[in-house]
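As stored in upload.cif (mmCIF, C-alpha atoms and all ligand atoms):
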```
data_start
#
loop_
_atom_site.label_atom_id
_atom_site.label_comp_id
_atom_site.auth_asym_id
_atom_site.auth_seq_id
_atom_site.Cartn_x
_atom_site.Cartn_y
_atom_site.Cartn_z
CA MET W 264 71.49 74.51 114.41
CA ARG W 265 74.58 74.86 112.29
CA ASN W 266 76.34 78.20 111.98
CA ILE W 267 75.83 80.49 109.02
CA VAL W 268 79.28 81.33 107.65
CA LEU W 269 79.64 84.34 105.35
CA THR W 270 82.66 84.49 103.05
CA GLY W 271 83.44 86.84 100.20
CA PHE W 272 85.75 89.56 98.96
CA MET W 273 86.21 92.84 100.85
CA GLY W 274 83.16 95.00 100.22
CA SER W 275 80.85 92.09 99.42
CA GLY W 276 78.63 93.15 102.33
CA LYS W 277 79.42 90.37 104.83
CA SER W 278 79.34 92.57 107.95
CA THR W 279 76.10 94.40 107.13
CA VAL W 280 74.38 91.24 105.94
CA GLY W 281 75.67 89.36 109.00
CA ARG W 282 74.12 91.92 111.35
CA LEU W 283 70.79 91.81 109.51
CA LEU W 284 70.79 88.01 109.52
CA ALA W 285 71.60 87.75 113.22
CA ASP W 286 68.69 90.14 113.98
CA ARG W 287 66.29 88.41 111.65
CA LEU W 288 67.01 84.87 112.87
CA GLY W 289 67.76 85.75 116.49
CA MET W 290 71.25 84.27 116.21
CA ARG W 291 74.48 85.48 117.83
CA LEU W 292 76.92 87.34 115.61
CA PHE W 293 80.62 86.46 115.57
CA ASP W 294 82.88 88.63 113.42
CA THR W 295 86.38 87.18 112.95
CA ASP W 296 87.96 90.59 112.12
CA ALA W 297 86.47 92.19 115.24
CA GLU W 298 87.68 89.26 117.34
CA VAL W 299 91.22 89.51 115.90
CA GLU W 300 91.24 93.23 116.75
CA ARG W 301 89.98 92.49 120.26
CA MET W 302 92.64 89.81 120.82
CA ALA W 303 95.46 91.97 119.47
CA GLY W 304 94.21 95.13 121.17
CA MET W 305 94.69 97.10 117.95
CA SER W 306 93.06 97.70 114.59
CA ILE W 307 93.69 95.52 111.53
CA PRO W 308 95.68 98.24 109.70
CA GLU W 309 97.87 98.54 112.82
CA ILE W 310 98.44 94.76 112.99
CA PHE W 311 99.51 94.78 109.31
CA GLU W 312 101.78 97.79 109.81
CA ARG W 313 103.49 96.57 112.97
CA TYR W 314 103.61 92.79 112.48
CA GLY W 315 102.76 92.11 108.82
CA GLU W 316 100.14 90.02 107.05
CA GLU W 317 101.58 86.69 108.20
CA ARG W 318 100.98 87.52 111.86
CA PHE W 319 97.47 88.70 111.02
CA ARG W 320 96.76 85.35 109.29
CA GLU W 321 97.98 83.45 112.37
CA LEU W 322 95.64 85.40 114.63
CA GLU W 323 92.82 84.97 112.13
CA HIS W 324 93.37 81.20 112.11
CA ARG W 325 93.19 81.05 115.92
CA VAL W 326 89.96 83.01 115.86
CA VAL W 327 88.47 80.77 113.15
CA HIS W 328 89.32 77.77 115.30
CA ALA W 329 87.36 79.28 118.21
CA ALA W 330 84.48 80.28 115.89
CA SER W 331 84.20 76.74 114.54
CA GLU W 332 83.36 75.50 118.03
CA LEU W 333 80.27 77.70 118.21
CA ARG W 334 76.78 76.56 117.19
CA GLY W 335 73.81 78.52 115.89
CA CYS W 336 75.84 81.68 115.20
CA VAL W 337 76.26 83.93 112.20
CA ILE W 338 80.01 83.95 111.54
CA VAL W 339 81.26 86.87 109.45
CA THR W 340 84.76 86.25 108.09
CA GLY W 341 87.47 88.52 106.68
CA GLY W 342 87.86 88.35 102.90
CA GLY W 343 91.14 86.43 103.10
CA VAL W 344 89.96 83.68 105.44
CA VAL W 345 89.64 81.30 102.49
CA LEU W 346 93.38 81.54 101.76
CA ASN W 347 94.02 78.89 104.41
CA PRO W 348 92.27 75.61 103.48
CA GLU W 349 92.29 74.59 107.15
CA ASN W 350 90.08 77.59 107.91
CA VAL W 351 87.58 76.49 105.29
CA ALA W 352 87.58 72.89 106.58
CA LEU W 353 86.94 74.09 110.16
CA LEU W 354 84.17 76.45 109.11
CA ARG W 355 82.52 73.83 106.93
CA ARG W 356 82.39 71.34 109.80
CA SER W 357 80.60 73.92 111.92
CA GLY W 358 78.13 75.38 109.46
CA VAL W 359 76.84 76.25 106.05
CA ILE W 360 79.20 78.39 103.94
CA PHE W 361 77.64 81.23 101.94
CA TYR W 362 79.86 83.00 99.45
CA LEU W 363 78.69 86.57 98.85
CA HIS W 364 79.84 87.57 95.38
CA ALA W 365 79.97 91.04 93.85
CA GLU W 366 81.40 92.18 90.51
CA PRO W 367 84.72 94.07 90.77
CA GLU W 368 83.16 97.36 89.54
CA GLU W 369 80.60 97.17 92.32
CA ILE W 370 83.26 96.27 94.93
CA CYS W 371 85.23 99.37 93.84
CA ARG W 372 82.14 101.54 94.06
CA ARG W 373 81.47 100.29 97.59
CA LEU W 374 85.10 100.62 98.72
CA SER W 375 86.14 103.90 97.13
CA GLY W 376 87.55 106.17 99.84
CA ASP W 377 87.99 103.27 102.28
CA THR W 378 91.18 103.42 104.34
CA GLY W 379 90.71 100.44 106.65
CA ARG W 380 91.91 97.70 104.27
CA PRO W 381 95.71 97.43 104.11
CA LEU W 382 95.67 95.03 101.15
CA LEU W 383 93.98 97.61 98.95
CA ARG W 384 96.40 100.42 99.65
CA GLY W 385 98.70 101.73 96.96
CA GLY W 386 98.12 101.60 93.23
CA ARG W 387 94.82 101.81 91.46
CA LEU W 388 91.93 100.34 93.43
CA GLU W 389 90.33 98.63 90.46
CA GLU W 390 93.54 96.88 89.38
CA ARG W 391 94.21 95.71 92.92
CA VAL W 392 90.66 94.40 93.37
CA ARG W 393 90.70 92.57 90.03
CA GLU W 394 94.09 91.02 90.71
CA LEU W 395 93.19 89.79 94.23
CA MET W 396 89.81 88.50 93.03
CA ARG W 397 91.52 86.60 90.23
CA GLN W 398 94.05 85.07 92.65
CA ARG W 399 91.30 84.03 95.06
CA ALA W 400 88.57 82.91 92.65
CA GLU W 401 89.27 79.22 93.20
CA ARG W 402 89.24 79.63 96.99
CA TYR W 403 85.89 81.41 97.01
CA ALA W 404 84.48 78.64 94.82
CA ASP W 405 84.64 76.31 97.82
CA HIS W 406 81.23 77.15 99.32
CA ASP W 407 77.83 75.57 99.91
CA PHE W 408 75.78 78.44 98.43
CA MET W 409 76.65 81.51 96.38
CA VAL W 410 74.60 84.71 96.38
CA ASP W 411 75.44 87.34 93.77
CA THR W 412 74.98 90.60 95.70
CA THR W 413 75.99 92.91 92.83
CA ARG W 414 72.51 94.28 92.26
CA MET W 415 70.96 93.46 95.62
CA SER W 416 70.47 95.51 98.78
CA PRO W 417 71.89 94.09 102.03
CA GLU W 418 68.29 93.40 103.17
CA GLN W 419 67.61 91.37 100.03
CA VAL W 420 70.84 89.43 100.48
CA ALA W 421 70.04 88.70 104.13
CA GLU W 422 66.57 87.49 103.12
CA ARG W 423 68.00 85.15 100.48
CA VAL W 424 70.68 83.74 102.79
CA ALA W 425 68.11 83.19 105.56
CA GLU W 426 65.81 81.41 103.11
CA LEU W 427 68.57 79.11 101.82
CA TYR W 428 69.85 78.41 105.34
CA LEU W 429 66.40 77.54 106.71
CA GLN W 430 65.76 75.30 103.72
CA ALA W 431 69.08 73.54 104.28
CA GLU W 432 68.35 73.09 107.98
CA ASN W 433 64.80 71.89 107.36
CA LEU W 434 65.89 69.47 104.69
CA LEU W 435 68.39 68.12 107.14
CA ARG W 436 65.68 67.67 109.79
CA TRP W 437 63.23 66.10 107.32
CA GLY W 438 66.03 63.80 106.28
CA THR W 439 66.65 62.54 109.81
CA GLU W 440 62.95 62.43 110.69
CA GLY W 441 62.25 60.47 107.53
CA GLN W 442 65.03 58.11 108.43
CA ARG W 443 63.70 57.72 112.00
CA GLU W 444 60.19 56.99 110.68
CA GLU W 445 61.60 54.34 108.40
CA GLU W 446 63.54 52.84 111.27
CA GLY W 447 60.38 52.97 113.42
CA ASP W 448 58.44 51.16 110.68
CA ARG W 449 61.13 48.56 110.47
CA ASP W 450 61.15 48.07 114.28
CA GLY W 451 57.35 47.76 114.21
CA ALA W 452 57.54 45.24 111.43
CA ASP W 453 60.13 43.27 113.37
CA ARG W 454 57.94 43.25 116.49
CA ASP W 455 54.91 42.01 114.55
CA THR W 456 56.67 38.93 113.29
C1 LIG I 501 91.18 91.00 104.18
C2 LIG I 501 89.90 91.42 104.39
C3 LIG I 501 89.50 92.23 105.55
C4 LIG I 501 90.45 91.98 106.73
C5 LIG I 501 91.86 92.19 106.29
C6 LIG I 501 92.28 91.27 105.15
C7 LIG I 501 91.49 90.20 102.97
O1 LIG I 501 88.17 91.93 105.95
O2 LIG I 501 90.28 90.68 107.23
O3 LIG I 501 92.03 93.54 105.92
O4 LIG I 501 92.59 89.59 102.92
O5 LIG I 501 90.64 90.15 102.05
P1 LIG I 501 86.85 92.38 105.10
O6 LIG I 501 86.60 91.34 104.06
O7 LIG I 501 85.76 92.41 106.13
O8 LIG I 501 87.13 93.71 104.53
#
```
What does this structure look like when you write it as structure tokens?
Amino acid sequence: MRNIVLTGFMGSGKSTVGRLLADRLGMRLFDTDAEVERMAGMSIPEIFERYGEERFRELEHRVVHAASELRGCVIVTGGGVVLNPENVALLRRSGVIFYLHAEPEEICRRLSGDTGRPLLRGGRLEERVRELMRQRAERYADHDFMVDTTRMSPEQVAERVAELYLQAENLLRWGTEGQREEEGDRDGADRDT
């Protein structure tokens, strides 16, 4: 089974949906932010404060590399993982990429009062969110499936992602089985003559 990879802006619900999906499908959960924090032995805001964003992105890339070697996992990524095209290529090779979208107003509603996201500190939250979303729009467009979560509960999003993923996996299996049957028919035909 391929991995399920969740991408999307901060506050798009990746972590909650990832947990629900892993439970629902009995898959292991791998969260790249949590793994970066574990590796560094400190929180993401601390990494940004002490070493800067560049160092965080290096650690994130190493973690994505490790994640891309897993199979049958739900991989939850940090919102900026798509900034490095190599990350996206690695994740795509290992799984199906789902982009969880949410409108900026909804992102702000979900993130108001949040203090754990260094890139949203300073200035007006809504301006910052809009600006970063605008800068990243093209990167998020590189996905296999998009789910607009703006008016959906995390449970509904998890259900939709699970449905799309199982369809994609089944189609893949039908594809190879169909191919095998055809090959079998051809072999049979060859033997008869
Ligand atoms: C970031 C998103 C965060 C975290 C870091 C940077 C980003 O993850 O990786 O603060 O650049 O969008 P979430 O998307 O889980 O908030």
What's the 12 Å shell around Leu346 (chain W), counting all atoms listed in the file, without same-chain residues fewer than 3 positions away, as JSON, numbers by chain? {"W": [270, 271, 272, 317, 320, 321, 323, 324, 340, 341, 342, 343, 349, 350, 351, 352, 395, 396, 398, 399, 400, 401, 402, 403, 404, 405]}
So which one's closest to His328 (chain W), W:Arg265, W:Arg287, W:Ser306, W:Leu353? Using all atoms listed in the file, please. W:Leu353
Tell me which protein, DNA and RNA residues are within 6 Å of region 274-277 of chain W, counting only C-alpha atoms, leaving out same-chain ones fewer than 6 positions away, and put them as a ChimeraX atom specification. /W:363,365,370
Excluding Leu292 (chain W) and residues on its chain fewer than 3 positions from it, collect all residues at most 10 Å away from it, counting all atoms listed in the file, and give them as JSON, numbers by chain. {"W": [266, 267, 278, 281, 282, 283, 284, 285, 286, 289, 295, 335, 336, 337, 338, 339]}
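Reported to one decimal place, the separation of CA of Phe361 (chain W) from CA of Ala431 (chain W) is 11.7 Å.
Put simply, atom O7 of ligand LIG 501 (chain I) is 18.5 Å away from CA of Val359 (chain W).
The nearest approach to ligand LIG 501 (chain I) among the residues W:Arg301, W:Asp294, W:Gly358, W:Arg380, with all atoms listed in the file taken into account, belongs to W:Arg380.
Going from CA of Glu312 (chain W) to atom O8 of ligand LIG 501 (chain I) covers 16.1 Å.
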Using all atoms listed in the file for the distances, tell me which of W:Leu354, W:Gln430, W:Glu390, W:Arg372 is nearest to Thr413 (chain W). W:Arg372
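Comparing W:Glu366, W:Asp377, W:Glu426, W:Glu389 by their smallest distance to ligand LIG 501 (chain I), the closest is W:Asp377 (using only C-alpha atoms and all ligand atoms).
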If you count only C-alpha atoms and all ligand atoms, the residue of W:Met302, W:Ser375, W:Leu382, W:Arg356 closest to ligand LIG 501 (chain I) turns out to be W:Leu382
